[in-house]
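Chemist: So that you have it, the file is start.txt, and it contains compact mmCIF, C-alpha atoms (C1' of nucleotides):
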# COMPACT_ATOMS: atom_id res chain seq x y z
CA MET G 273 14.96 -34.58 -13.00
CA PRO G 274 13.10 -31.29 -13.23
CA GLN G 275 10.68 -32.29 -10.47
CA ASP G 276 13.41 -32.67 -7.88
CA ARG G 277 13.23 -29.12 -6.62
CA LEU G 278 9.48 -29.41 -6.28
CA LYS G 279 9.91 -32.59 -4.27
CA GLU G 280 12.31 -30.89 -1.90
CA HIS G 281 9.96 -27.95 -1.62
CA ILE G 282 7.04 -30.19 -0.68
CA ARG G 283 9.10 -32.19 1.79
CA GLY G 284 9.87 -28.88 3.48
CA ILE G 285 6.18 -28.26 4.07
CA ILE G 286 4.83 -31.65 5.12
CA GLN G 287 5.91 -35.17 5.80
CA ILE G 288 4.68 -37.21 2.89
CA PRO G 289 4.98 -40.79 1.62
CA GLU G 290 7.22 -41.16 -1.40
CA ALA G 291 4.39 -42.61 -3.47
CA ASP G 292 2.19 -39.55 -2.93
CA LEU G 293 5.08 -37.30 -3.76
CA GLU G 294 5.59 -39.13 -7.03
CA ALA G 295 1.91 -38.95 -7.86
CA ILE G 296 1.88 -35.21 -7.24
CA CYS G 297 5.01 -34.42 -9.18
CA ALA G 298 3.90 -36.55 -12.13
CA CYS G 299 1.10 -34.05 -12.75
CA PHE G 300 3.51 -31.17 -13.26
CA GLN G 301 4.85 -30.56 -16.77
CA PRO G 302 8.17 -28.82 -17.19
CA GLN G 303 8.19 -25.89 -19.56
CA THR G 304 10.59 -23.22 -20.69
CA VAL G 305 9.23 -19.71 -20.92
CA GLU G 306 11.00 -17.11 -23.03
CA LYS G 307 11.72 -13.68 -21.63
CA GLY G 308 8.74 -11.39 -22.05
CA THR G 309 6.21 -14.19 -22.52
CA PHE G 310 2.88 -13.84 -20.73
CA LEU G 311 1.75 -16.96 -18.90
CA LEU G 312 -1.49 -15.16 -18.11
CA ARG G 313 -3.17 -12.02 -19.44
CA HIS G 314 -6.02 -10.20 -17.76
CA GLY G 315 -9.34 -11.35 -19.11
CA GLN G 316 -8.15 -14.92 -19.47
CA ILE G 317 -9.11 -17.64 -17.05
CA CYS G 318 -6.05 -18.94 -15.24
CA ASN G 319 -5.77 -22.56 -16.22
CA PHE G 320 -2.59 -23.51 -14.43
CA GLU G 321 -0.61 -23.36 -11.29
CA GLY G 322 3.12 -23.04 -11.72
CA PHE G 323 6.20 -23.74 -9.65
CA VAL G 324 9.28 -21.79 -10.68
CA LEU G 325 12.43 -23.84 -11.24
CA GLU G 326 14.55 -20.98 -12.42
CA GLY G 327 14.16 -17.46 -13.72
CA CYS G 328 11.86 -14.69 -12.62
CA PHE G 329 8.27 -13.57 -13.16
CA ARG G 330 6.22 -10.54 -12.35
CA THR G 331 2.52 -10.56 -11.53
CA PHE G 332 0.89 -7.20 -12.13
CA ILE G 333 -2.43 -5.49 -12.54
CA ILE G 334 -3.31 -2.54 -14.73
CA ASP G 335 -5.31 0.04 -12.83
CA GLU G 336 -7.95 2.45 -14.11
CA ALA G 337 -5.33 5.06 -14.90
CA GLY G 338 -3.63 2.50 -17.13
CA ARG G 339 -0.62 2.07 -14.90
CA GLU G 340 1.07 -1.25 -14.29
CA ASN G 341 1.11 -2.22 -10.66
CA ILE G 342 3.36 -5.10 -9.69
CA LEU G 343 1.83 -7.29 -7.01
CA HIS G 344 4.73 -9.65 -6.54
CA PHE G 345 7.66 -11.42 -8.13
CA SER G 346 8.15 -15.16 -8.37
CA VAL G 347 11.59 -16.70 -8.49
CA ARG G 348 13.00 -20.17 -7.94
CA ASP G 349 10.89 -22.28 -5.55
CA TRP G 350 7.96 -19.84 -5.60
CA TRP G 351 4.46 -20.31 -6.91
CA LEU G 352 2.80 -18.72 -9.84
CA MET G 353 -0.95 -18.39 -10.27
CA ASP G 354 -4.04 -16.32 -9.92
CA ILE G 355 -5.76 -18.25 -7.16
CA ASP G 356 -9.01 -16.37 -7.59
CA SER G 357 -9.26 -17.01 -11.31
CA PHE G 358 -7.95 -20.56 -11.03
CA MET G 359 -10.34 -21.62 -8.31
CA ASN G 360 -13.45 -19.71 -9.32
CA ARG G 361 -13.05 -20.06 -13.10
CA ARG G 362 -13.43 -16.35 -13.63
CA PRO G 363 -11.52 -14.01 -15.91
CA SER G 364 -8.37 -12.83 -14.24
CA ASP G 365 -7.50 -9.22 -13.46
CA LEU G 366 -3.84 -10.14 -13.37
CA ASN G 367 -0.98 -10.51 -15.82
CA ILE G 368 1.92 -12.88 -15.31
CA GLN G 369 5.01 -12.29 -17.39
CA ALA G 370 8.51 -13.77 -17.51
CA LEU G 371 11.16 -11.13 -16.77
CA GLU G 372 13.83 -13.49 -18.05
CA THR G 373 13.82 -16.82 -19.82
CA SER G 374 12.62 -19.18 -17.13
CA LYS G 375 11.77 -22.77 -16.35
CA VAL G 376 8.57 -23.76 -14.61
CA LEU G 377 6.52 -26.79 -13.70
CA LEU G 378 2.87 -26.40 -14.66
CA ILE G 379 -0.21 -28.26 -13.55
CA SER G 380 -3.57 -27.80 -15.23
CA GLN G 381 -6.78 -26.99 -13.40
CA SER G 382 -8.28 -30.39 -14.17
CA ASP G 383 -5.17 -32.27 -13.07
CA LYS G 384 -5.14 -30.36 -9.84
CA GLN G 385 -8.78 -31.19 -9.19
CA SER G 386 -7.94 -34.85 -9.72
CA LEU G 387 -4.99 -34.55 -7.38
CA TYR G 388 -7.18 -33.13 -4.62
CA GLN G 389 -9.52 -36.07 -5.00
CA GLU G 390 -7.04 -38.87 -5.46
CA VAL G 391 -4.23 -37.83 -3.18
CA PRO G 392 -5.85 -36.53 0.01
CA ILE G 393 -2.62 -35.25 1.49
CA VAL G 394 -2.60 -32.58 -1.21
CA GLU G 395 -5.30 -30.78 0.74
CA LYS G 396 -2.96 -30.62 3.70
CA LEU G 397 -0.11 -29.49 1.50
CA PHE G 398 -2.02 -26.58 0.04
CA ARG G 399 -3.67 -25.77 3.34
CA GLY G 400 -0.17 -25.26 4.68
CA MET G 401 0.95 -23.27 1.65
CA PHE G 402 -2.03 -20.94 1.67
CA GLN G 403 -1.70 -20.47 5.40
CA LYS G 404 1.90 -19.39 5.02
CA ALA G 405 1.09 -17.17 2.08
CA LEU G 406 -1.71 -15.53 4.03
CA VAL G 407 0.64 -14.63 6.84
CA ALA G 408 3.06 -13.14 4.34
CA TRP G 409 0.39 -10.96 2.73
CA GLN G 410 -0.85 -9.78 6.10
CA ARG G 411 2.65 -8.79 7.12
CA ARG G 412 3.11 -6.95 3.86
CA LEU G 413 -0.04 -4.95 4.36
CA ILE G 414 1.16 -4.05 7.84
CA ARG G 415 4.42 -2.82 6.39
CA ASN G 416 2.55 -0.73 3.88
CA HIS G 417 0.61 0.88 6.70
CA CYS G 418 3.40 1.38 9.19
CA LEU G 419 6.51 2.05 7.13
CA THR G 420 7.60 4.89 4.88
CA ALA G 421 8.64 4.28 1.29
CA LYS G 422 12.29 4.37 2.25
CA GLU G 423 11.83 1.82 4.99
CA ARG G 424 9.88 -0.44 2.66
CA TYR G 425 12.65 -0.19 0.10
CA HIS G 426 15.26 -1.17 2.66
CA HIS G 427 13.15 -4.05 3.86
CA PHE G 428 12.72 -5.34 0.35
CA ILE G 429 16.32 -5.27 -0.76
CA ASN G 430 17.52 -6.67 2.57
CA THR G 431 14.93 -9.44 2.71
CA TYR G 432 15.15 -10.43 -0.96
CA PRO G 433 18.61 -9.43 -2.17
CA GLU G 434 18.71 -12.16 -4.79
CA ILE G 435 15.38 -11.01 -6.22
CA SER G 436 16.02 -7.30 -6.14
CA SER G 437 19.36 -7.72 -7.88
CA LYS G 438 17.49 -9.08 -10.89
CA LEU G 439 15.07 -6.18 -11.11
CA THR G 440 15.11 -2.72 -12.55
CA ASP G 441 14.39 0.19 -10.24
CA ARG G 442 11.13 0.76 -12.04
CA GLN G 443 9.97 -2.73 -11.16
CA ILE G 444 10.98 -2.37 -7.54
CA ALA G 445 9.22 0.98 -7.32
CA SER G 446 6.05 -0.48 -8.78
CA TYR G 447 6.15 -3.31 -6.26
CA LEU G 448 6.64 -0.85 -3.41
CA GLY G 449 3.77 1.28 -4.63
CA ILE G 450 5.82 4.39 -5.40
CA THR G 451 7.00 6.10 -8.58
CA HIS G 452 10.39 5.27 -9.99
CA GLU G 453 11.34 8.94 -9.80
CA PHE G 454 10.77 8.95 -6.08
CA LEU G 455 12.71 5.73 -5.64
CA SER G 456 15.60 7.37 -7.42
CA LYS G 457 15.48 10.19 -4.89
CA ILE G 458 15.43 7.72 -2.02
CA LYS G 459 18.53 6.07 -3.41
CA ARG G 460 20.33 9.38 -3.79
CA GLU G 461 19.61 10.18 -0.16
CA ILE G 462 20.99 6.82 0.89
CA ARG G 463 24.10 7.47 -1.19
CA THR G 464 24.85 10.90 0.23
CA ARG G 465 24.00 9.92 3.80
CA THR G 466 26.49 7.09 3.83
CA MET N 252 -27.74 -24.33 19.56
CA PRO N 253 -24.82 -21.91 19.43
CA GLN N 254 -22.97 -24.07 16.87
CA ASP N 255 -25.74 -23.77 14.28
CA ARG N 256 -24.30 -20.71 12.59
CA LEU N 257 -20.93 -22.39 12.37
CA LYS N 258 -22.54 -25.42 10.77
CA GLU N 259 -24.21 -23.27 8.17
CA HIS N 260 -20.97 -21.46 7.54
CA ILE N 261 -19.09 -24.71 6.96
CA ARG N 262 -21.82 -26.10 4.71
CA GLY N 263 -21.37 -22.97 2.64
CA ILE N 264 -17.72 -23.84 2.04
CA ILE N 265 -17.75 -27.60 1.44
CA GLN N 266 -20.06 -30.53 1.19
CA ILE N 267 -19.58 -32.48 4.37
CA PRO N 268 -21.12 -35.53 6.06
CA GLU N 269 -23.27 -34.65 9.06
CA ALA N 270 -21.10 -36.79 11.35
CA ASP N 271 -17.96 -34.84 10.48
CA LEU N 272 -19.80 -31.59 10.95
CA GLU N 273 -20.86 -32.68 14.42
CA ALA N 274 -17.34 -33.77 15.30
CA ILE N 275 -15.95 -30.41 14.24
CA CYS N 276 -18.52 -28.28 15.99
CA ALA N 277 -18.20 -30.27 19.19
CA CYS N 278 -14.66 -28.94 19.56
CA PHE N 279 -15.83 -25.33 19.64
CA GLN N 280 -16.75 -23.85 23.02
CA PRO N 281 -19.20 -20.95 23.14
CA GLN N 282 -18.06 -17.96 25.13
CA THR N 283 -19.32 -14.47 25.87
CA VAL N 284 -16.74 -11.70 25.68
CA GLU N 285 -17.37 -8.39 27.42
CA LYS N 286 -16.82 -5.14 25.56
CA GLY N 287 -13.22 -4.05 25.76
CA THR N 288 -11.87 -7.50 26.64
CA PHE N 289 -8.69 -8.62 24.88
CA LEU N 290 -8.83 -12.15 23.49
CA LEU N 291 -5.17 -11.77 22.54
CA ARG N 292 -2.45 -9.32 23.50
CA HIS N 293 0.82 -8.89 21.66
CA GLY N 294 3.55 -11.00 23.20
CA GLN N 295 1.15 -13.83 24.01
CA ILE N 296 0.95 -17.00 21.96
CA CYS N 297 -2.41 -17.31 20.28
CA ASN N 298 -3.98 -20.41 21.70
CA PHE N 299 -7.33 -20.36 19.97
CA GLU N 300 -9.20 -19.89 16.78
CA GLY N 301 -12.54 -18.17 17.10
CA PHE N 302 -15.72 -17.93 15.07
CA VAL N 303 -17.83 -14.87 15.79
CA LEU N 304 -21.50 -15.56 16.53
CA GLU N 305 -22.40 -11.98 17.30
CA GLY N 306 -20.71 -8.71 18.17
CA CYS N 307 -17.58 -7.15 16.77
CA PHE N 308 -13.82 -7.37 17.25
CA ARG N 309 -10.83 -5.42 16.09
CA THR N 310 -7.41 -6.89 15.35
CA PHE N 311 -4.67 -4.32 15.56
CA ILE N 312 -0.93 -3.90 15.82
CA ILE N 313 1.02 -1.22 17.64
CA ASP N 314 3.78 0.19 15.45
CA GLU N 315 7.13 1.62 16.47
CA ALA N 316 5.67 5.09 16.86
CA GLY N 317 3.20 3.64 19.37
CA ARG N 318 0.19 4.06 17.12
CA GLU N 319 -2.60 1.53 16.92
CA ASN N 320 -3.09 0.20 13.44
CA ILE N 321 -6.26 -1.79 12.81
CA LEU N 322 -5.72 -4.71 10.46
CA HIS N 323 -9.29 -5.87 10.24
CA PHE N 324 -12.62 -6.24 11.99
CA SER N 325 -14.42 -9.48 12.71
CA VAL N 326 -18.19 -9.63 12.94
CA ARG N 327 -20.80 -12.38 12.78
CA ASP N 328 -19.65 -15.38 10.71
CA TRP N 329 -16.06 -14.21 10.53
CA TRP N 330 -12.95 -15.76 11.96
CA LEU N 331 -10.72 -14.53 14.69
CA MET N 332 -7.11 -15.55 15.15
CA ASP N 333 -3.47 -14.82 14.61
CA ILE N 334 -2.63 -17.58 12.16
CA ASP N 335 1.08 -16.99 12.42
CA SER N 336 1.18 -17.19 16.20
CA PHE N 337 -1.35 -20.03 16.34
CA MET N 338 0.41 -22.21 13.82
CA ASN N 339 4.03 -21.47 14.66
CA ARG N 340 3.63 -21.17 18.44
CA ARG N 341 5.35 -17.84 18.51
CA PRO N 342 4.50 -14.68 20.44
CA SER N 343 1.96 -12.63 18.56
CA ASP N 344 2.45 -9.09 17.32
CA LEU N 345 -1.30 -8.59 17.27
CA ASN N 346 -4.03 -7.58 19.67
CA ILE N 347 -7.60 -8.78 19.40
CA GLN N 348 -10.20 -6.83 21.34
CA ALA N 349 -13.99 -6.90 21.57
CA LEU N 350 -15.50 -3.60 20.44
CA GLU N 351 -18.82 -4.63 21.96
CA THR N 352 -19.99 -7.48 24.14
CA SER N 353 -19.79 -10.45 21.79
CA LYS N 354 -20.35 -14.17 21.51
CA VAL N 355 -17.78 -16.46 19.94
CA LEU N 356 -17.02 -20.14 19.48
CA LEU N 357 -13.45 -21.00 20.45
CA ILE N 358 -11.30 -23.98 19.64
CA SER N 359 -7.96 -24.58 21.32
CA GLN N 360 -4.74 -25.23 19.47
CA SER N 361 -4.57 -28.83 20.70
CA ASP N 362 -8.18 -29.56 19.78
CA LYS N 363 -7.58 -28.19 16.34
CA GLN N 364 -4.52 -30.37 15.88
CA SER N 365 -6.64 -33.38 16.84
CA LEU N 366 -9.33 -32.32 14.42
CA TYR N 367 -6.84 -32.14 11.57
CA GLN N 368 -5.75 -35.68 12.35
CA GLU N 369 -9.06 -37.28 13.12
CA VAL N 370 -11.35 -35.57 10.65
CA PRO N 371 -9.46 -35.38 7.36
CA ILE N 372 -12.01 -33.18 5.64
CA VAL N 373 -10.99 -30.40 8.00
CA GLU N 374 -7.88 -29.98 5.90
CA LYS N 375 -10.06 -29.34 2.90
CA LEU N 376 -12.24 -26.97 4.87
CA PHE N 377 -9.38 -24.81 6.00
CA ARG N 378 -7.62 -25.07 2.68
CA GLY N 379 -10.71 -23.48 1.18
CA MET N 380 -10.95 -20.87 3.91
CA PHE N 381 -7.33 -19.81 3.67
CA GLN N 382 -7.55 -19.73 -0.09
CA LYS N 383 -10.51 -17.36 0.05
CA ALA N 384 -8.86 -15.26 2.72
CA LEU N 385 -5.71 -15.00 0.64
CA VAL N 386 -7.66 -13.67 -2.32
CA ALA N 387 -9.31 -11.11 -0.08
CA TRP N 388 -5.98 -9.85 1.29
CA GLN N 389 -4.49 -9.64 -2.18
CA ARG N 390 -7.42 -7.59 -3.40
CA ARG N 391 -7.09 -5.32 -0.41
CA LEU N 392 -3.43 -4.68 -1.10
CA ILE N 393 -4.33 -3.86 -4.69
CA ARG N 394 -6.90 -1.35 -3.48
CA ASN N 395 -4.32 0.22 -1.21
CA HIS N 396 -1.99 0.64 -4.16
CA CYS N 397 -4.47 1.79 -6.77
CA LEU N 398 -7.11 3.80 -4.89
CA THR N 399 -7.02 7.11 -3.04
CA ALA N 400 -8.10 7.40 0.57
CA LYS N 401 -11.52 8.68 -0.46
CA GLU N 402 -12.08 5.80 -2.83
CA ARG N 403 -10.99 3.31 -0.19
CA TYR N 404 -13.42 4.88 2.27
CA HIS N 405 -16.31 4.59 -0.17
CA HIS N 406 -15.42 1.01 -0.95
CA PHE N 407 -15.35 0.12 2.71
CA ILE N 408 -18.66 1.64 3.74
CA ASN N 409 -20.38 0.36 0.60
CA THR N 410 -18.98 -3.15 0.86
CA TYR N 411 -19.42 -3.53 4.61
CA PRO N 412 -22.25 -1.18 5.64
CA GLU N 413 -23.25 -3.33 8.59
CA ILE N 414 -19.70 -3.29 9.92
CA SER N 415 -18.94 0.37 9.33
CA SER N 416 -22.14 1.41 11.06
CA LYS N 417 -20.81 -0.15 14.27
CA LEU N 418 -17.50 1.69 14.15
CA THR N 419 -16.23 5.07 15.14
CA ASP N 420 -14.58 7.20 12.49
CA ARG N 421 -11.26 6.78 14.23
CA GLN N 422 -11.50 3.00 13.85
CA ILE N 423 -12.42 3.25 10.18
CA ALA N 424 -9.56 5.66 9.56
CA SER N 425 -7.11 3.33 11.27
CA TYR N 426 -8.30 0.45 9.12
CA LEU N 427 -7.95 2.52 5.96
CA GLY N 428 -4.47 3.60 6.95
CA ILE N 429 -5.23 7.31 7.25
CA THR N 430 -5.58 9.76 10.14
CA HIS N 431 -8.99 10.42 11.62
CA GLU N 432 -8.57 14.13 10.89
CA PHE N 433 -8.17 13.42 7.23
CA LEU N 434 -11.15 11.09 7.21
CA SER N 435 -13.18 13.91 8.72
CA LYS N 436 -12.16 16.14 5.82
CA ILE N 437 -13.10 13.46 3.32
CA LYS N 438 -16.55 13.24 4.88
CA ARG N 439 -17.00 16.99 4.78
CA GLU N 440 -16.18 17.01 1.10
CA ILE N 441 -18.73 14.28 0.48
CA ARG N 442 -21.31 16.29 2.43
CA THR N 443 -20.83 19.54 0.58
CA ARG N 444 -20.49 17.90 -2.82
CA THR N 445 -23.86 16.22 -2.53
C1' DC P 138 -21.14 17.43 37.37
C1' DG P 139 -16.50 16.64 35.29
C1' DC P 140 -13.66 13.85 32.61
C1' DG P 141 -12.24 11.51 28.60
C1' DA P 142 -13.08 10.17 24.02
C1' DC P 143 -14.99 11.74 19.95
C1' DG P 144 -15.66 14.44 15.51
C1' DT P 145 -14.44 18.73 13.40
C1' DT P 146 -11.73 22.49 11.66
C1' DG P 147 -7.68 25.39 10.37
C1' DA P 148 -2.71 26.29 9.64
C1' DT P 149 1.32 24.32 8.43
C1' DT P 150 4.45 20.78 6.92
C1' DT P 151 5.86 16.69 4.60
C1' DG P 152 5.92 12.65 1.66
C1' DC P 153 5.19 11.52 -2.55
C1' DC P 154 3.45 12.44 -7.36
C1' DT P 155 3.45 14.75 -11.94
C1' DC P 156 5.61 16.48 -15.71
C1' DA P 157 9.51 17.55 -18.38
C1' DA P 158 14.14 17.09 -19.58
C1' DC P 159 18.71 14.85 -19.85
C1' DG P 160 22.52 11.47 -20.62
C1' DA P 161 23.54 6.53 -20.36
C1' DT P 162 22.46 1.93 -21.49
C1' DT P 163 20.36 -1.61 -23.94
C1' DG P 164 18.62 -3.81 -27.72
C1' DT P 165 17.31 -4.17 -32.52
C1' DG P 166 16.86 -3.90 -37.36
C1' DG P 167 19.03 -2.43 -41.51
C1' DC D 126 28.48 -3.50 -37.18
C1' DC D 127 26.49 0.58 -36.63
C1' DA D 128 22.54 3.77 -36.16
C1' DC D 129 18.58 4.43 -34.22
C1' DA D 130 14.84 3.64 -31.01
C1' DA D 131 13.44 2.27 -26.66
C1' DT D 132 14.08 1.92 -22.02
C1' DC D 133 16.45 3.09 -18.19
C1' DG D 134 18.05 5.97 -14.11
C1' DT D 135 18.50 10.68 -12.64
C1' DT D 136 17.30 15.39 -11.63
C1' DG D 137 14.54 19.65 -10.91
C1' DA D 138 10.27 22.49 -10.47
C1' DG D 139 5.95 22.51 -8.98
C1' DG D 140 1.66 20.49 -7.10
C1' DC D 141 -1.32 17.61 -4.48
C1' DA D 142 -2.61 14.21 -0.94
C1' DA D 143 -2.24 13.30 3.45
C1' DA D 144 0.13 13.96 8.09
C1' DT D 145 0.95 16.83 12.04
C1' DC D 146 -0.23 19.89 15.57
C1' DA D 147 -3.35 22.60 18.05
C1' DA D 148 -7.78 24.07 19.31
C1' DC D 149 -12.77 23.67 19.93
C1' DG D 150 -17.55 22.07 21.03
C1' DT D 151 -20.11 17.74 21.84
C1' DC D 152 -21.38 13.67 23.84
C1' DG D 153 -21.59 9.57 26.89
C1' DC D 154 -20.31 7.85 31.11
C1' DG D 155 -18.62 7.37 35.88
Now that the file is in, can you turn its structure into structure tokens?
Modeler:
Amino acid sequence: MPQDRLKEHIRGIIQIPEADLEAICACFQPQTVEKGTFLLRHGQICNFEGFVLEGCFRTFIIDEAGRENILHFSVRDWWLMDIDSFMNRRPSDLNIQALETSKVLLISQSDKQSLYQEVPIVEKLFRGMFQKALVAWQRRLIRNHCLTAKERYHHFINTYPEISSKLTDRQIASYLGITHEFLSKIKREIRTRT
Amino acid sequence: MPQDRLKEHIRGIIQIPEADLEAICACFQPQTVEKGTFLLRHGQICNFEGFVLEGCFRTFIIDEAGRENILHFSVRDWWLMDIDSFMNRRPSDLNIQALETSKVLLISQSDKQSLYQEVPIVEKLFRGMFQKALVAWQRRLIRNHCLTAKERYHHFINTYPEISSKLTDRQIASYLGITHEFLSKIKREIRTRT
DNA sequence: CGCGACGTTGATTTGCCTCAACGATTGTGG
DNA sequence: CCACAATCGTTGAGGCAAATCAACGTCGCG
């Protein structure tokens, strides 16, 4: 059952009656996404929230200089959405693209609204999720302020080895907010030092 | 009534029955905080959430080099807490200090737990708050990646003129993630250019 | 008054970027 | 299946943004 991983994920966040869990998971549609496919392009209104079953996605923004800037990656058991666009029905600044052929569970904006109304515990579920996500983003901003590029690189590959092993150096560099040339120089230094 | 601003704030987020609003606000205790006072010091467990009625606070972290790094400011109608410490009952990395004599409404951890249980709409309220906060932190990280220090400075003073006017240049620089010397040079350039 | 914090400035250094070039790898169409 | 293009990682030269360190006058406050 494709929803099983989602069930486990939710059980890890809150205690929840089986019936509610079923009702929630029934709103999510499994879908396979081919490598390179965009689930969202900037300018579109994000009409879904996704839960990744397998594979890998990147969420990025194109800045004024035309450069792609990767905000984050989403792998198995992570979420996929532009909260701002999804909740405020406004055109997104973000792009979400599959880095490999992936499987996701998708829920539409209208189904999610219904869920909020009909299954009250969903509020608690997403309250908890957003709270955790908020902490993570705060910590990341702290790291960006306090750490050098090399330290951030080490933190990333140590904290998310299974993600970073899927990525090219260019993608990692973009996520860290540095150029891929400079990342290459960081890696050389690590090599020769050790 | 000190809770009036909080009521207005909540009404701005969700539609809510007056009785629930009363029940929520009754859990918040007004308190005056003298300039310089720490509401939270790193190592302590954050035992409160606060809503600022007037005044100004800074939330900062001390990095390994011993430098103070300001994460954000909280002024009237903003919230004040270390979510991570508050929710996970773990020692905080953060410090929260009043930059001027301020008035806040405080709710204890146990009272908030009760609120979540007894007034279900509180889940929805905080789900909405965290969701908005998450968007704000994401946008800030994007700005840190895509903008130069000068652009970030302009954005800050234009977006939050009433906050920045209360702050010293050192505090603004710390928030922007630059040195105060460099901020001084940015300001000089602005002066002579215009 | 004197002290400490502040904003400013200059000289120097450093972290990181830009641009350009190269071989290696991957992927793709003929 | 191979040839070609595209993308990748690497490297070097040079430049710029921002940090560091040190010094100075100013201001508010005890």
Chemist: Taking 3 positions as the minimum chain separation for residues in the same chain, which residues sit within 9 Å of range 364-367 of chain N when counting all atoms listed in the file? Answer as a short mmCIF file (atom, residue, chain, number, x, y, z; two decimals) with C-alpha atoms, keeping the file's coordinate frame.
Modeler:
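Written output follows (around-v4.cif):
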data_model
loop_
_atom_site.label_atom_id
_atom_site.label_comp_id
_atom_site.auth_asym_id
_atom_site.auth_seq_id
_atom_site.Cartn_x
_atom_site.Cartn_y
_atom_site.Cartn_z
CA LYS G 396 -2.96 -30.62 3.70
CA ALA N 274 -17.34 -33.77 15.30
CA ILE N 275 -15.95 -30.41 14.24
CA CYS N 278 -14.66 -28.94 19.56
CA SER N 359 -7.96 -24.58 21.32
CA GLN N 360 -4.74 -25.23 19.47
CA SER N 361 -4.57 -28.83 20.70
CA VAL N 370 -11.35 -35.57 10.65
CA PRO N 371 -9.46 -35.38 7.36
CA ILE N 372 -12.01 -33.18 5.64
CA VAL N 373 -10.99 -30.40 8.00
CA GLU N 374 -7.88 -29.98 5.90
#
Chemist: Could I get the residues of chain N with an atom no further than 10 Å from an atom of chain P, each paired with its nearest atom pair and that distance in Å to one decimal, using only C-alpha atoms (C1' of nucleotides), sorted by chain and residue number, as JSON lines?
Modeler:
{"residue": "N:Thr419", "atom": "CA", "partner": "P:DC143", "partner_atom": "C1'", "distance": 8.3}
{"residue": "N:Asp420", "atom": "CA", "partner": "P:DG144", "partner_atom": "C1'", "distance": 7.9}
{"residue": "N:Arg421", "atom": "CA", "partner": "P:DC143", "partner_atom": "C1'", "distance": 8.4}
{"residue": "N:His431", "atom": "CA", "partner": "P:DG144", "partner_atom": "C1'", "distance": 8.7}
{"residue": "N:Glu432", "atom": "CA", "partner": "P:DT145", "partner_atom": "C1'", "distance": 7.9}
{"residue": "N:Ser435", "atom": "CA", "partner": "P:DT145", "partner_atom": "C1'", "distance": 6.8}
{"residue": "N:Lys436", "atom": "CA", "partner": "P:DT145", "partner_atom": "C1'", "distance": 8.3}
{"residue": "N:Arg439", "atom": "CA", "partner": "P:DT145", "partner_atom": "C1'", "distance": 9.2}
Chemist: Mind pulling up the distance from CA of Asp383 in chain G to CA of Glu290 in chain G?
Modeler: 19.2 Å
Chemist: To one decimal in Å, tell me the separation between CA of Gly449 in chain G and CA of Ala370 in chain G.
Modeler: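 Separation of CA of Gly449 in chain G and CA of Ala370 in chain G: 20.4 Å.
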Chemist: Quick one: distance from CA of Glu351 in chain N to CA of Ile429 in chain N in Å, one decimal?
Modeler: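 Value for the CA of Glu351 in chain N-CA of Ile429 in chain N distance: 23.3 Å.
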Chemist: Which residues of chain N sit at most 9 Å from chain D, using only C-alpha atoms (C1' of nucleotides)? Give each one's shortest atom pair and distance in Å (one decimal place), in chain and ascending residue order, as a Markdown table.
Modeler:
| residue | atom | partner | partner_atom | distance |
| --- | --- | --- | --- | --- |
| N:Thr399 | CA | D:DA142 | C1' | 8.6 |
| N:Ala400 | CA | D:DA143 | C1' | 8.8 |
| N:Ile429 | CA | D:DA143 | C1' | 7.7 |
| N:Thr430 | CA | D:DA144 | C1' | 7.4 |
| N:Phe433 | CA | D:DA143 | C1' | 7.0 |
Chemist: Using all atoms listed in the file, I'd like every residue of chain G that has an atom within 7 Å of chain N; please write them out as a ChimeraX atom specification.
Modeler: /G:335,355-356,395-396,398-399,402-403,406-407,409,413,417-418,449
Chemist: Taking C-alpha atoms for each residue, export the selection above as a PDB file, in the coordinates of the input.
Modeler:
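result22.pdb, freshly written:
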ATOM      1  CA  ASP G 335      -5.310   0.040 -12.830  1.00  0.00           C
ATOM      2  CA  ILE G 355      -5.760 -18.250  -7.160  1.00  0.00           C
ATOM      3  CA  ASP G 356      -9.010 -16.370  -7.590  1.00  0.00           C
ATOM      4  CA  GLU G 395      -5.300 -30.780   0.740  1.00  0.00           C
ATOM      5  CA  LYS G 396      -2.960 -30.620   3.700  1.00  0.00           C
ATOM      6  CA  PHE G 398      -2.020 -26.580   0.040  1.00  0.00           C
ATOM      7  CA  ARG G 399      -3.670 -25.770   3.340  1.00  0.00           C
ATOM      8  CA  PHE G 402      -2.030 -20.940   1.670  1.00  0.00           C
ATOM      9  CA  GLN G 403      -1.700 -20.470   5.400  1.00  0.00           C
ATOM     10  CA  LEU G 406      -1.710 -15.530   4.030  1.00  0.00           C
ATOM     11  CA  VAL G 407       0.640 -14.630   6.840  1.00  0.00           C
ATOM     12  CA  TRP G 409       0.390 -10.960   2.730  1.00  0.00           C
ATOM     13  CA  LEU G 413      -0.040  -4.950   4.360  1.00  0.00           C
ATOM     14  CA  HIS G 417       0.610   0.880   6.700  1.00  0.00           C
ATOM     15  CA  CYS G 418       3.400   1.380   9.190  1.00  0.00           C
ATOM     16  CA  GLY G 449       3.770   1.280  -4.630  1.00  0.00           C
TER      17      GLY G 449
END
Chemist: Around (14.7, -6.2, -10.6), as given in the file, which residues come within 12 Å? Count only C-alpha atoms (C1' of nucleotides) and list them as a PyMOL selection string.
Modeler: chain G and resi 327-330+342+344-347+370-372+428-429+432-447
Chemist: List every protein, DNA or RNA residue that has an atom no more than 7 Å from (6.7, -20.6, -20.1) in the file's coordinate frame, counting all atoms listed in the file, and report them as a list in words.
Modeler: Gln303, Thr304, Val305, Glu306, Thr309, Leu311, Ser374, Lys375 and Val376 of chain G
